[in-house]
Amino acid sequence: MKVIVVGAGVIGVSSAHYLNAAGCTVTLLDALPGPALGTSYANAGQVSPGYAAPWAAPGIPFKALRWLFDRDAPLKIRPDGSWFQLVWMARMLANCSHAAYDRNKARMVPLAEYSRDCLRSLRAELGLHYDERSLGTLQLLRDPAQLVAARRDAAILERIGVPHQLLDVAGVLEHEPALARVAHRVAGGLRLPNDETGDCRRFTERLAEHAASAGVQTRYGSDIAALLYRNGRVTGVRLADGEELAADAVVLAAGCASRALAQPLRLALPVYPVKGYSITLPLTDPDAAPRSTVLDETNKVALTRFDTRLRVGGMAEVAGFDLRIRPERVAVLKRVTTELFPEAGDLAEVEAWTGLRPMTPDGTPLVGASGVPGLWLNTGHGTLGWTMACGSAQLLADLMLGRPAALPARDYTPARYSRAEKS
Ligand SMILES: Cc1cc2nc3c(=O)[nH]c(=O)nc-3n(C[C@H](O)[C@H](O)[C@H](O)COP(=O)(O)OP(=O)(O)OC[C@H]3O[C@@H](n4cnc5c(N)ncnc54)[C@H](O)[C@@H]3O)c2cc1C
């Protein structure tokens, strides 16, 4: 089967790899000059099935109201003037019930866990290195109220069988000794020992190199103007310069641009760009840095250790396709770094970045048949694209080739939106 994959972020590159490994003839296209130059460029670096949960959760509407009046709030909403933004937010609110949260989480966790296992196998098979670490992740709780919420989360993790440890202050310092410098800020922690970390961009670049050497044709700098639709099916793509490329199947893995590319086919993908920020700084004292990811629950900011760098990322702005870097958001990331790891790195040498998470209202990605013959989806991974990349790509390849899939396909198709599931 001849397949075109649209988009060379972590999702598109993983899709190209697994489809090629399954025997397809694959062409991987991206408008940008290389892989991982979109949202996969500088995310927070967590491969974290333990935290796989939709943002649409009970209590979020109330918190969002409170955050409207907080300058440094983790979530900001600014009208982008589109009807789609309103519809998307309404759908997200509808997913904030307990029943919808449980259903959505029950779809996200198995995909994320499967994905971590696929990543481990891939790493062993190909010998990929990307500043990877397998030391778990730690949610840092700064006050007693957070401890109460963490106990509730731990009960859910217990129920769904995800290994975890609730830690007191001494336990936190045992796993993240650098926090001893600021022990007065530590009330406890929730550790997920099976989570991993690593640089998503490096992973994507390495996998793209491997895929190219294994036969995937890569065409960077190829801006796709439209999907070709003839005789009731998608038959290829047309580039901005007019060139047409034919294929038996097209995989849409274009992140936040997936919606616009699918729209002419009357496919309304509910994928909205939710903006986030990161800073990356060189380590000056590795012993004063985290050993893995420390997720600061107070600010919803993750601090992840790479080999010689510290990546600090988080925050969400529902504000349309706006890639301006706001200095006040960068200042929050710097403040959190100074509060928790004051001697770790050089804040004068910060690389600030912003990216748009391709988010669905229920937090679950769209993986599988699109409903339009010839067009397949792998998009909408939102906050967890790095965590879910390998599993989504393997699932997609199995579905496209009619092989037994590890997860129930119906949970990940856009049909769940037209079925109007009860929230
Ligand atoms: C601040 C921040 C922190 C995050 N932290 C984490 C984390 O710790 N763990 C985690 O799992 N996830 C995290 N994420 C989410 C994760 O980064 C994303 O889910 C993931 O990168 C999405 O990958 P993608 O391949 O779908 O999109 P992208 O990486 O954006 O790739 C899409 C590609 O499609 C290309 N494209 C678009 N339109 C066209 C066109 N017309 N023609 C050709 N090419 C086109 C783009 O150029 C782009 O390269 C974070 C995100 C942000 C913003």
# chains A, B, ... in the order shown; residues from 1 in each chain; ligands from 1

call {"tool": "residues_around", "arguments": {"residues": "region 306-310 of chain A", "least_positions_apart": "5", "cutoff": "6 Å", "atoms": "only C-alpha atoms", "output": "PDB file with all heavy atoms, in the first residue's frame"}}
result
ATOM      1  N   ASP A 131      18.254  11.894  25.218  1.00  0.00           N
ATOM      2  CA  ASP A 131      18.284  12.378  26.601  1.00  0.00           C
ATOM      3  C   ASP A 131      17.251  11.632  27.453  1.00  0.00           C
ATOM      4  O   ASP A 131      16.644  12.190  28.373  1.00  0.00           O
ATOM      5  CB  ASP A 131      18.024  13.891  26.685  1.00  0.00           C
ATOM      6  CG  ASP A 131      19.196  14.728  26.193  1.00  0.00           C
ATOM      7  OD1 ASP A 131      20.007  14.187  25.409  1.00  0.00           O
ATOM      8  OD2 ASP A 131      19.291  15.903  26.571  1.00  0.00           O
ATOM      9  N   THR A 280      14.155  26.486  27.989  1.00  0.00           N
ATOM     10  CA  THR A 280      15.220  25.487  28.112  1.00  0.00           C
ATOM     11  C   THR A 280      16.479  26.237  28.508  1.00  0.00           C
ATOM     12  O   THR A 280      16.801  27.272  27.907  1.00  0.00           O
ATOM     13  CB  THR A 280      15.446  24.767  26.764  1.00  0.00           C
ATOM     14  OG1 THR A 280      14.181  24.283  26.297  1.00  0.00           O
ATOM     15  CG2 THR A 280      16.396  23.596  26.919  1.00  0.00           C
ATOM     16  N   LEU A 281      17.160  25.720  29.537  1.00  0.00           N
ATOM     17  CA  LEU A 281      18.367  26.412  29.984  1.00  0.00           C
ATOM     18  C   LEU A 281      19.495  25.418  30.213  1.00  0.00           C
ATOM     19  O   LEU A 281      19.246  24.256  30.550  1.00  0.00           O
ATOM     20  CB  LEU A 281      18.098  27.239  31.243  1.00  0.00           C
ATOM     21  CG  LEU A 281      17.391  26.599  32.419  1.00  0.00           C
ATOM     22  CD1 LEU A 281      17.875  27.231  33.712  1.00  0.00           C
ATOM     23  CD2 LEU A 281      15.899  26.822  32.298  1.00  0.00           C
ATOM     24  N   PRO A 282      20.735  25.863  29.988  1.00  0.00           N
ATOM     25  CA  PRO A 282      21.853  24.952  30.235  1.00  0.00           C
ATOM     26  C   PRO A 282      22.036  24.727  31.730  1.00  0.00           C
ATOM     27  O   PRO A 282      21.862  25.658  32.523  1.00  0.00           O
ATOM     28  CB  PRO A 282      23.054  25.716  29.646  1.00  0.00           C
ATOM     29  CG  PRO A 282      22.643  27.146  29.572  1.00  0.00           C
ATOM     30  CD  PRO A 282      21.153  27.191  29.493  1.00  0.00           C
ATOM     31  N   LEU A 283      22.396  23.498  32.116  1.00  0.00           N
ATOM     32  CA  LEU A 283      22.661  23.214  33.531  1.00  0.00           C
ATOM     33  C   LEU A 283      24.026  23.775  33.909  1.00  0.00           C
ATOM     34  O   LEU A 283      24.995  23.630  33.153  1.00  0.00           O
ATOM     35  CB  LEU A 283      22.662  21.706  33.779  1.00  0.00           C
ATOM     36  CG  LEU A 283      21.328  20.988  33.663  1.00  0.00           C
ATOM     37  CD1 LEU A 283      21.513  19.500  33.952  1.00  0.00           C
ATOM     38  CD2 LEU A 283      20.312  21.586  34.624  1.00  0.00           C
TER      39      LEU A 283
END

call {"tool": "closest_atom_pairs", "arguments": {"of": "chain A", "to": "ligand 1", "cutoff": "7 Å", "atoms": "only C-alpha atoms and all ligand atoms", "output": "tab-separated table"}}
result
residue	atom	partner	partner_atom_place_in_ligand_line	distance
A:Val6	CA	ligand 1	44 (N)	5.7
A:Gly7	CA	ligand 1	34 (O)	3.4
A:Ala8	CA	ligand 1	49 (O)	4.8
A:Gly9	CA	ligand 1	25 (O)	3.3
A:Val10	CA	ligand 1	25 (O)	4.3
A:Ile11	CA	ligand 1	25 (O)	3.8
A:Gly12	CA	ligand 1	25 (O)	5.4
A:Leu29	CA	ligand 1	43 (C)	5.8
A:Asp30	CA	ligand 1	44 (N)	3.6
A:Ala31	CA	ligand 1	43 (C)	3.8
A:Leu32	CA	ligand 1	47 (O)	5.0
A:Pro35	CA	ligand 1	49 (O)	6.2
A:Ala36	CA	ligand 1	29 (O)	5.4
A:Leu37	CA	ligand 1	49 (O)	5.3
A:Gly38	CA	ligand 1	30 (O)	4.0
A:Thr39	CA	ligand 1	30 (O)	3.8
A:Ser40	CA	ligand 1	21 (O)	3.4
A:Tyr41	CA	ligand 1	29 (O)	6.7
A:Asn43	CA	ligand 1	3 (C)	3.8
A:Ala44	CA	ligand 1	8 (O)	3.7
A:Gly45	CA	ligand 1	8 (O)	4.1
A:Gln46	CA	ligand 1	8 (O)	3.6
A:Val47	CA	ligand 1	11 (O)	5.3
A:Ser48	CA	ligand 1	11 (O)	6.6
A:Ser222	CA	ligand 1	43 (C)	5.7
A:Asp223	CA	ligand 1	42 (N)	3.9
A:Ile224	CA	ligand 1	42 (N)	3.7
A:Ala225	CA	ligand 1	41 (N)	5.7
A:Ala253	CA	ligand 1	26 (O)	5.7
A:Ala254	CA	ligand 1	34 (O)	3.4
A:Gly255	CA	ligand 1	27 (O)	3.7
A:Cys256	CA	ligand 1	30 (O)	6.4
A:Ala257	CA	ligand 1	38 (N)	4.7
A:Ser258	CA	ligand 1	38 (N)	6.7
A:Leu261	CA	ligand 1	41 (N)	6.8
A:Lys275	CA	ligand 1	53 (C)	5.8
A:Gly276	CA	ligand 1	1 (C)	3.8
A:Tyr277	CA	ligand 1	1 (C)	4.2
A:Ser278	CA	ligand 1	1 (C)	5.2
A:Gly313	CA	ligand 1	1 (C)	5.0
A:Gly314	CA	ligand 1	1 (C)	4.7
A:Met315	CA	ligand 1	1 (C)	6.6
A:Thr354	CA	ligand 1	53 (C)	6.3
A:Gly355	CA	ligand 1	53 (C)	4.2
A:Leu356	CA	ligand 1	53 (C)	5.1
A:Arg357	CA	ligand 1	53 (C)	5.0
A:Pro358	CA	ligand 1	19 (O)	6.2
A:Thr379	CA	ligand 1	26 (O)	5.2
A:Gly380	CA	ligand 1	26 (O)	6.5
A:His381	CA	ligand 1	19 (O)	4.6
A:Gly382	CA	ligand 1	19 (O)	4.4
A:Thr383	CA	ligand 1	15 (C)	4.1
A:Leu384	CA	ligand 1	11 (O)	3.3
A:Gly385	CA	ligand 1	19 (O)	3.1
A:Trp386	CA	ligand 1	11 (O)	3.4
A:Thr387	CA	ligand 1	11 (O)	3.6
A:Met388	CA	ligand 1	11 (O)	6.3

call {"tool": "atom_distance", "arguments": {"atom1": "CA of His129 (chain A)", "atom2": "CA of Arg305 (chain A)"}}
result
14.6 Å

call {"tool": "select_by_dssp", "arguments": {"residues": "region 54-179 of chain A", "states": "alpha helix (DSSP H)", "output": "ChimeraX atom specification"}}
result
/A:60-67,83-94,98-126,144-160,169-175

call {"tool": "residues_around", "arguments": {"residues": "Thr27 (chain A)", "least_positions_apart": "2", "cutoff": "9 Å", "atoms": "only C-alpha atoms", "output": "PyMOL selection string"}}
result
chain A and resi 2-6+16+25+29+216-219

call {"tool": "closest_residue", "arguments": {"among": "A:Glu196, A:Glu176, A:Glu205, A:Glu297", "to": "Gly50 (chain A)", "atoms": "only C-alpha atoms"}}
result
A:Glu196

call {"tool": "atom_distance", "arguments": {"atom1": "CA of His175 (chain A)", "atom2": "CA of Ala352 (chain A)"}}
result
28.0 Å

call {"tool": "residues_around", "arguments": {"residues": "region 366-370 of chain A", "least_positions_apart": "3", "cutoff": "7 Å", "atoms": "only C-alpha atoms", "output": "PyMOL selection string"}}
result
chain A and resi 375-380+392+396+399+409+412-414

call {"tool": "select_by_dssp", "arguments": {"residues": "region 132-269 of chain A", "states": "strand (DSSP E)", "output": "ChimeraX atom specification"}}
result
/A:137-141,165-167,188-192,196-197,217-220,224-230,233-239,244-246,249-252

call {"tool": "closest_residue", "arguments": {"among": "A:Pro33, A:Pro163, A:Gly215, A:Gly242", "to": "Leu190 (chain A)", "atoms": "only C-alpha atoms"}}
result
A:Pro163

call {"tool": "atom_distance", "arguments": {"atom1": "CA of Leu207 (chain A)", "atom2": "CA of Leu228 (chain A)"}}
result
28.0 Å

call {"tool": "residues_around", "arguments": {"residues": "region 93-110 of chain A", "least_positions_apart": "6", "cutoff": "12 Å", "atoms": "only C-alpha atoms", "output": "PDB file with N, CA and C atoms, in the first residue's frame"}}
result
ATOM      1  N   VAL A  47       7.022  11.393  29.279  1.00  0.00           N
ATOM      2  CA  VAL A  47       6.284  10.257  28.728  1.00  0.00           C
ATOM      3  C   VAL A  47       5.552   9.676  29.926  1.00  0.00           C
ATOM      4  N   SER A  48       4.329  10.134  30.088  1.00  0.00           N
ATOM      5  CA  SER A  48       3.711  10.009  31.396  1.00  0.00           C
ATOM      6  C   SER A  48       2.326   9.392  31.370  1.00  0.00           C
ATOM      7  N   PRO A  49       2.239   8.054  31.181  1.00  0.00           N
ATOM      8  CA  PRO A  49       0.924   7.417  31.233  1.00  0.00           C
ATOM      9  C   PRO A  49       0.243   7.636  32.578  1.00  0.00           C
ATOM     10  N   GLY A  50       1.035   7.753  33.631  1.00  0.00           N
ATOM     11  CA  GLY A  50       0.455   7.934  34.966  1.00  0.00           C
ATOM     12  C   GLY A  50      -0.366   9.207  35.078  1.00  0.00           C
ATOM     13  N   TYR A  51      -0.017  10.215  34.303  1.00  0.00           N
ATOM     14  CA  TYR A  51      -0.778  11.471  34.342  1.00  0.00           C
ATOM     15  C   TYR A  51      -1.770  11.574  33.186  1.00  0.00           C
ATOM     16  N   ALA A  52      -1.945  10.499  32.443  1.00  0.00           N
ATOM     17  CA  ALA A  52      -2.864  10.569  31.293  1.00  0.00           C
ATOM     18  C   ALA A  52      -4.288  10.780  31.796  1.00  0.00           C
ATOM     19  N   ALA A  53      -4.778  11.977  31.598  1.00  0.00           N
ATOM     20  CA  ALA A  53      -6.128  12.316  32.051  1.00  0.00           C
ATOM     21  C   ALA A  53      -6.585  13.516  31.237  1.00  0.00           C
ATOM     22  N   PRO A  54      -7.887  13.590  30.960  1.00  0.00           N
ATOM     23  CA  PRO A  54      -8.366  14.751  30.207  1.00  0.00           C
ATOM     24  C   PRO A  54      -8.300  16.015  31.052  1.00  0.00           C
ATOM     25  N   TRP A  55      -8.068  17.145  30.388  1.00  0.00           N
ATOM     26  CA  TRP A  55      -8.146  18.409  31.113  1.00  0.00           C
ATOM     27  C   TRP A  55      -9.591  18.722  31.483  1.00  0.00           C
ATOM     28  N   ALA A  56     -10.517  18.222  30.694  1.00  0.00           N
ATOM     29  CA  ALA A  56     -11.934  18.400  31.020  1.00  0.00           C
ATOM     30  C   ALA A  56     -12.257  17.479  32.198  1.00  0.00           C
ATOM     31  N   ALA A  57     -12.282  18.060  33.395  1.00  0.00           N
ATOM     32  CA  ALA A  57     -12.441  17.254  34.602  1.00  0.00           C
ATOM     33  C   ALA A  57     -13.430  17.945  35.538  1.00  0.00           C
ATOM     34  N   PRO A  58     -14.081  17.161  36.415  1.00  0.00           N
ATOM     35  CA  PRO A  58     -14.967  17.797  37.382  1.00  0.00           C
ATOM     36  C   PRO A  58     -14.179  18.856  38.174  1.00  0.00           C
ATOM     37  N   GLY A  59     -14.766  19.995  38.395  1.00  0.00           N
ATOM     38  CA  GLY A  59     -14.078  21.045  39.159  1.00  0.00           C
ATOM     39  C   GLY A  59     -13.370  22.050  38.274  1.00  0.00           C
ATOM     40  N   ILE A  60     -13.078  21.687  37.028  1.00  0.00           N
ATOM     41  CA  ILE A  60     -12.337  22.607  36.150  1.00  0.00           C
ATOM     42  C   ILE A  60     -13.147  23.876  35.836  1.00  0.00           C
ATOM     43  N   PRO A  61     -14.464  23.782  35.544  1.00  0.00           N
ATOM     44  CA  PRO A  61     -15.203  25.026  35.256  1.00  0.00           C
ATOM     45  C   PRO A  61     -15.065  26.043  36.396  1.00  0.00           C
ATOM     46  N   PHE A  62     -15.142  25.564  37.644  1.00  0.00           N
ATOM     47  CA  PHE A  62     -15.029  26.456  38.797  1.00  0.00           C
ATOM     48  C   PHE A  62     -13.623  27.053  38.873  1.00  0.00           C
ATOM     49  N   LYS A  63     -12.609  26.171  38.685  1.00  0.00           N
ATOM     50  CA  LYS A  63     -11.222  26.657  38.731  1.00  0.00           C
ATOM     51  C   LYS A  63     -10.980  27.681  37.626  1.00  0.00           C
ATOM     52  N   ALA A  64     -11.533  27.408  36.422  1.00  0.00           N
ATOM     53  CA  ALA A  64     -11.311  28.309  35.279  1.00  0.00           C
ATOM     54  C   ALA A  64     -11.859  29.692  35.601  1.00  0.00           C
ATOM     55  N   LEU A  86     -16.014  28.754  20.539  1.00  0.00           N
ATOM     56  CA  LEU A  86     -17.133  28.655  21.489  1.00  0.00           C
ATOM     57  C   LEU A  86     -17.675  27.224  21.538  1.00  0.00           C
ATOM     58  N   VAL A  87     -17.835  26.631  20.349  1.00  0.00           N
ATOM     59  CA  VAL A  87     -18.369  25.264  20.292  1.00  0.00           C
ATOM     60  C   VAL A  87     -17.397  24.305  20.989  1.00  0.00           C
ATOM     61  N   ARG A 116       3.873   3.774  25.899  1.00  0.00           N
ATOM     62  CA  ARG A 116       5.163   3.704  26.603  1.00  0.00           C
ATOM     63  C   ARG A 116       5.842   2.357  26.339  1.00  0.00           C
ATOM     64  N   ASP A 117       5.049   1.292  26.318  1.00  0.00           N
ATOM     65  CA  ASP A 117       5.642  -0.028  26.060  1.00  0.00           C
ATOM     66  C   ASP A 117       6.178  -0.105  24.628  1.00  0.00           C
ATOM     67  N   ILE A 156      -7.605   6.564  42.494  1.00  0.00           N
ATOM     68  CA  ILE A 156      -7.974   6.246  41.096  1.00  0.00           C
ATOM     69  C   ILE A 156      -6.873   5.389  40.461  1.00  0.00           C
ATOM     70  N   LEU A 157      -5.619   5.789  40.700  1.00  0.00           N
ATOM     71  CA  LEU A 157      -4.498   5.026  40.121  1.00  0.00           C
ATOM     72  C   LEU A 157      -4.528   3.582  40.636  1.00  0.00           C
ATOM     73  N   ARG A 159      -7.141   1.942  41.542  1.00  0.00           N
ATOM     74  CA  ARG A 159      -8.271   1.245  40.913  1.00  0.00           C
ATOM     75  C   ARG A 159      -7.916   0.793  39.496  1.00  0.00           C
ATOM     76  N   ILE A 160      -7.186   1.641  38.766  1.00  0.00           N
ATOM     77  CA  ILE A 160      -6.892   1.266  37.375  1.00  0.00           C
ATOM     78  C   ILE A 160      -5.538   0.562  37.239  1.00  0.00           C
ATOM     79  N   GLY A 161      -4.919   0.281  38.392  1.00  0.00           N
ATOM     80  CA  GLY A 161      -3.718  -0.570  38.373  1.00  0.00           C
ATOM     81  C   GLY A 161      -2.443   0.123  37.912  1.00  0.00           C
ATOM     82  N   VAL A 162      -2.349   1.461  38.117  1.00  0.00           N
ATOM     83  CA  VAL A 162      -1.115   2.168  37.741  1.00  0.00           C
ATOM     84  C   VAL A 162      -0.220   2.266  38.985  1.00  0.00           C
ATOM     85  N   THR A 360      -8.449  17.864  21.553  1.00  0.00           N
ATOM     86  CA  THR A 360      -9.867  17.539  21.390  1.00  0.00           C
ATOM     87  C   THR A 360     -10.582  17.899  22.696  1.00  0.00           C
ATOM     88  N   PRO A 361     -11.899  18.119  22.645  1.00  0.00           N
ATOM     89  CA  PRO A 361     -12.600  18.496  23.879  1.00  0.00           C
ATOM     90  C   PRO A 361     -12.582  17.400  24.944  1.00  0.00           C
ATOM     91  N   ASP A 362     -12.482  16.125  24.537  1.00  0.00           N
ATOM     92  CA  ASP A 362     -12.497  15.056  25.542  1.00  0.00           C
ATOM     93  C   ASP A 362     -11.087  14.556  25.873  1.00  0.00           C
ATOM     94  N   GLY A 363     -10.058  15.191  25.300  1.00  0.00           N
ATOM     95  CA  GLY A 363      -8.673  14.852  25.651  1.00  0.00           C
ATOM     96  C   GLY A 363      -8.134  13.625  24.939  1.00  0.00           C
ATOM     97  N   THR A 364      -9.001  12.844  24.329  1.00  0.00           N
ATOM     98  CA  THR A 364      -8.600  11.604  23.656  1.00  0.00           C
ATOM     99  C   THR A 364      -8.261  11.926  22.198  1.00  0.00           C
ATOM    100  N   PRO A 365      -7.188  11.357  21.662  1.00  0.00           N
ATOM    101  CA  PRO A 365      -6.853  11.681  20.268  1.00  0.00           C
ATOM    102  C   PRO A 365      -7.783  11.019  19.258  1.00  0.00           C
ATOM    103  N   LEU A 366      -7.611  11.411  18.001  1.00  0.00           N
ATOM    104  CA  LEU A 366      -8.354  10.813  16.896  1.00  0.00           C
ATOM    105  C   LEU A 366      -7.384   9.918  16.141  1.00  0.00           C
ATOM    106  N   VAL A 367      -7.571   8.625  16.260  1.00  0.00           N
ATOM    107  CA  VAL A 367      -6.654   7.666  15.625  1.00  0.00           C
ATOM    108  C   VAL A 367      -7.494   6.639  14.882  1.00  0.00           C
ATOM    109  N   HIS A 381      -3.752  14.907  19.820  1.00  0.00           N
ATOM    110  CA  HIS A 381      -3.162  14.317  21.034  1.00  0.00           C
ATOM    111  C   HIS A 381      -2.980  15.309  22.180  1.00  0.00           C
ATOM    112  N   GLY A 382      -3.264  16.584  21.912  1.00  0.00           N
ATOM    113  CA  GLY A 382      -3.311  17.575  22.982  1.00  0.00           C
ATOM    114  C   GLY A 382      -2.083  17.626  23.865  1.00  0.00           C
ATOM    115  N   THR A 383      -2.310  17.395  25.163  1.00  0.00           N
ATOM    116  CA  THR A 383      -1.242  17.522  26.153  1.00  0.00           C
ATOM    117  C   THR A 383      -0.308  16.313  26.175  1.00  0.00           C
ATOM    118  N   LEU A 384      -0.651  15.266  25.430  1.00  0.00           N
ATOM    119  CA  LEU A 384       0.052  13.990  25.629  1.00  0.00           C
ATOM    120  C   LEU A 384       0.583  13.360  24.344  1.00  0.00           C
ATOM    121  N   GLY A 385       0.914  14.197  23.362  1.00  0.00           N
ATOM    122  CA  GLY A 385       1.341  13.651  22.079  1.00  0.00           C
ATOM    123  C   GLY A 385       2.632  12.854  22.141  1.00  0.00           C
ATOM    124  N   THR A 387       3.723  11.310  24.863  1.00  0.00           N
ATOM    125  CA  THR A 387       3.398  10.111  25.634  1.00  0.00           C
ATOM    126  C   THR A 387       2.697   9.061  24.764  1.00  0.00           C
ATOM    127  N   MET A 388       1.844   9.521  23.846  1.00  0.00           N
ATOM    128  CA  MET A 388       0.981   8.577  23.115  1.00  0.00           C
ATOM    129  C   MET A 388       1.457   8.277  21.699  1.00  0.00           C
ATOM    130  N   GLY A 391       2.345   4.382  20.519  1.00  0.00           N
ATOM    131  CA  GLY A 391       1.158   3.518  20.602  1.00  0.00           C
ATOM    132  C   GLY A 391       0.114   3.907  19.557  1.00  0.00           C
ATOM    133  N   SER A 392      -0.088   5.231  19.369  1.00  0.00           N
ATOM    134  CA  SER A 392      -1.069   5.683  18.372  1.00  0.00           C
ATOM    135  C   SER A 392      -0.633   5.243  16.978  1.00  0.00           C
ATOM    136  N   LEU A 395      -1.091   1.496  16.586  1.00  0.00           N
ATOM    137  CA  LEU A 395      -2.533   1.226  16.471  1.00  0.00           C
ATOM    138  C   LEU A 395      -3.019   1.569  15.062  1.00  0.00           C
ATOM    139  N   ALA A 406      -4.352  -3.653  19.329  1.00  0.00           N
ATOM    140  CA  ALA A 406      -4.213  -3.855  20.778  1.00  0.00           C
ATOM    141  C   ALA A 406      -5.316  -3.152  21.574  1.00  0.00           C
ATOM    142  N   LEU A 407      -5.980  -2.176  20.941  1.00  0.00           N
ATOM    143  CA  LEU A 407      -6.985  -1.373  21.667  1.00  0.00           C
ATOM    144  C   LEU A 407      -8.255  -1.283  20.828  1.00  0.00           C
ATOM    145  N   PRO A 408      -9.401  -1.042  21.465  1.00  0.00           N
ATOM    146  CA  PRO A 408     -10.655  -0.972  20.698  1.00  0.00           C
ATOM    147  C   PRO A 408     -10.697   0.258  19.789  1.00  0.00           C
ATOM    148  N   ALA A 409     -10.738   0.036  18.474  1.00  0.00           N
ATOM    149  CA  ALA A 409     -10.638   1.118  17.495  1.00  0.00           C
ATOM    150  C   ALA A 409     -11.728   2.167  17.684  1.00  0.00           C
ATOM    151  N   ARG A 410     -12.930   1.734  18.059  1.00  0.00           N
ATOM    152  CA  ARG A 410     -14.056   2.684  18.090  1.00  0.00           C
ATOM    153  C   ARG A 410     -13.855   3.804  19.120  1.00  0.00           C
ATOM    154  N   ASP A 411     -13.004   3.557  20.123  1.00  0.00           N
ATOM    155  CA  ASP A 411     -12.787   4.582  21.154  1.00  0.00           C
ATOM    156  C   ASP A 411     -12.022   5.791  20.629  1.00  0.00           C
ATOM    157  N   TYR A 412     -11.366   5.641  19.478  1.00  0.00           N
ATOM    158  CA  TYR A 412     -10.456   6.694  19.028  1.00  0.00           C
ATOM    159  C   TYR A 412     -10.858   7.325  17.690  1.00  0.00           C
ATOM    160  N   THR A 413     -12.033   6.962  17.154  1.00  0.00           N
ATOM    161  CA  THR A 413     -12.432   7.546  15.869  1.00  0.00           C
ATOM    162  C   THR A 413     -13.289   8.791  16.111  1.00  0.00           C
ATOM    163  N   ARG A 416     -17.103   9.134  17.610  1.00  0.00           N
ATOM    164  CA  ARG A 416     -17.587   9.309  18.990  1.00  0.00           C
ATOM    165  C   ARG A 416     -18.238  10.677  19.172  1.00  0.00           C
ATOM    166  N   TYR A 417     -17.885  11.654  18.331  1.00  0.00           N
ATOM    167  CA  TYR A 417     -18.521  12.966  18.437  1.00  0.00           C
ATOM    168  C   TYR A 417     -19.900  12.960  17.782  1.00  0.00           C
ATOM    169  N   ALA A 420     -22.746  11.370  19.740  1.00  0.00           N
ATOM    170  CA  ALA A 420     -23.247  12.176  20.857  1.00  0.00           C
ATOM    171  C   ALA A 420     -23.297  11.376  22.144  1.00  0.00           C
ATOM    172  N   GLU A 421     -22.126  10.931  22.587  1.00  0.00           N
ATOM    173  CA  GLU A 421     -22.077  10.113  23.800  1.00  0.00           C
ATOM    174  C   GLU A 421     -22.610  10.904  24.984  1.00  0.00           C
ATOM    175  N   LYS A 422     -23.297  10.215  25.861  1.00  0.00           N
ATOM    176  CA  LYS A 422     -23.818  10.886  27.049  1.00  0.00           C
ATOM    177  C   LYS A 422     -22.647  11.319  27.925  1.00  0.00           C
ATOM    178  N   SER A 423     -22.662  12.579  28.380  1.00  0.00           N
ATOM    179  CA  SER A 423     -21.560  13.070  29.212  1.00  0.00           C
ATOM    180  C   SER A 423     -21.889  12.891  30.689  1.00  0.00           C
TER     181      SER A 423
END

call {"tool": "closest_residue", "arguments": {"among": "A:Pro74, A:Gly236, A:Pro290, A:Gly171", "to": "Gly189 (chain A)", "atoms": "only C-alpha atoms"}}
result
A:Gly171

call {"tool": "residues_around", "arguments": {"residues": "Gly320 (chain A)", "least_positions_apart": "6", "cutoff": "10 Å", "atoms": "only C-alpha atoms", "output": "PyMOL selection string"}}
result
chain A and resi 77-82+84-85+272-275+356

call {"tool": "write_last_selection", "arguments": {"atoms": "N, CA, C and O atoms", "output": "compact mmCIF listing (two decimals), in the first residue's frame"}}
result
# COMPACT_ATOMS: atom_id res chain seq x y z
N ILE A 77 -8.06 32.23 28.89
CA ILE A 77 -8.96 32.14 27.73
C ILE A 77 -9.10 33.53 27.14
O ILE A 77 -9.41 34.49 27.86
N ARG A 78 -8.83 33.64 25.83
CA ARG A 78 -9.04 34.91 25.11
C ARG A 78 -9.86 34.61 23.88
O ARG A 78 -9.51 33.69 23.11
N PRO A 79 -10.95 35.35 23.64
CA PRO A 79 -11.77 35.07 22.45
C PRO A 79 -10.94 35.22 21.18
O PRO A 79 -10.17 36.18 21.06
N ASP A 80 -11.05 34.25 20.27
CA ASP A 80 -10.32 34.37 18.99
C ASP A 80 -11.25 34.81 17.87
O ASP A 80 -10.86 34.85 16.70
N GLY A 81 -12.53 35.12 18.22
CA GLY A 81 -13.47 35.61 17.22
C GLY A 81 -14.12 34.51 16.40
O GLY A 81 -14.89 34.79 15.48
N SER A 82 -13.81 33.23 16.72
CA SER A 82 -14.40 32.16 15.89
C SER A 82 -15.54 31.47 16.64
O SER A 82 -15.53 31.35 17.86
N PHE A 84 -16.05 28.35 16.19
CA PHE A 84 -15.46 27.06 16.57
C PHE A 84 -14.91 27.08 18.00
O PHE A 84 -15.08 26.13 18.76
N GLN A 85 -14.30 28.21 18.40
CA GLN A 85 -13.75 28.29 19.76
C GLN A 85 -14.87 28.09 20.79
O GLN A 85 -14.71 27.36 21.78
N TYR A 272 -8.55 21.88 18.53
CA TYR A 272 -8.33 23.31 18.76
C TYR A 272 -6.88 23.53 19.23
O TYR A 272 -6.34 22.71 19.98
N PRO A 273 -6.24 24.64 18.80
CA PRO A 273 -4.86 24.90 19.25
C PRO A 273 -4.82 25.49 20.66
O PRO A 273 -5.27 26.61 20.87
N VAL A 274 -4.31 24.72 21.61
CA VAL A 274 -4.19 25.22 22.99
C VAL A 274 -2.70 25.51 23.25
O VAL A 274 -1.86 24.61 23.28
N LYS A 275 -2.43 26.78 23.43
CA LYS A 275 -1.04 27.23 23.46
C LYS A 275 -0.35 26.90 24.79
O LYS A 275 -0.96 26.99 25.86
N LEU A 356 1.51 24.98 20.00
CA LEU A 356 0.05 24.83 20.04
C LEU A 356 -0.31 23.35 20.16
O LEU A 356 -0.03 22.57 19.24
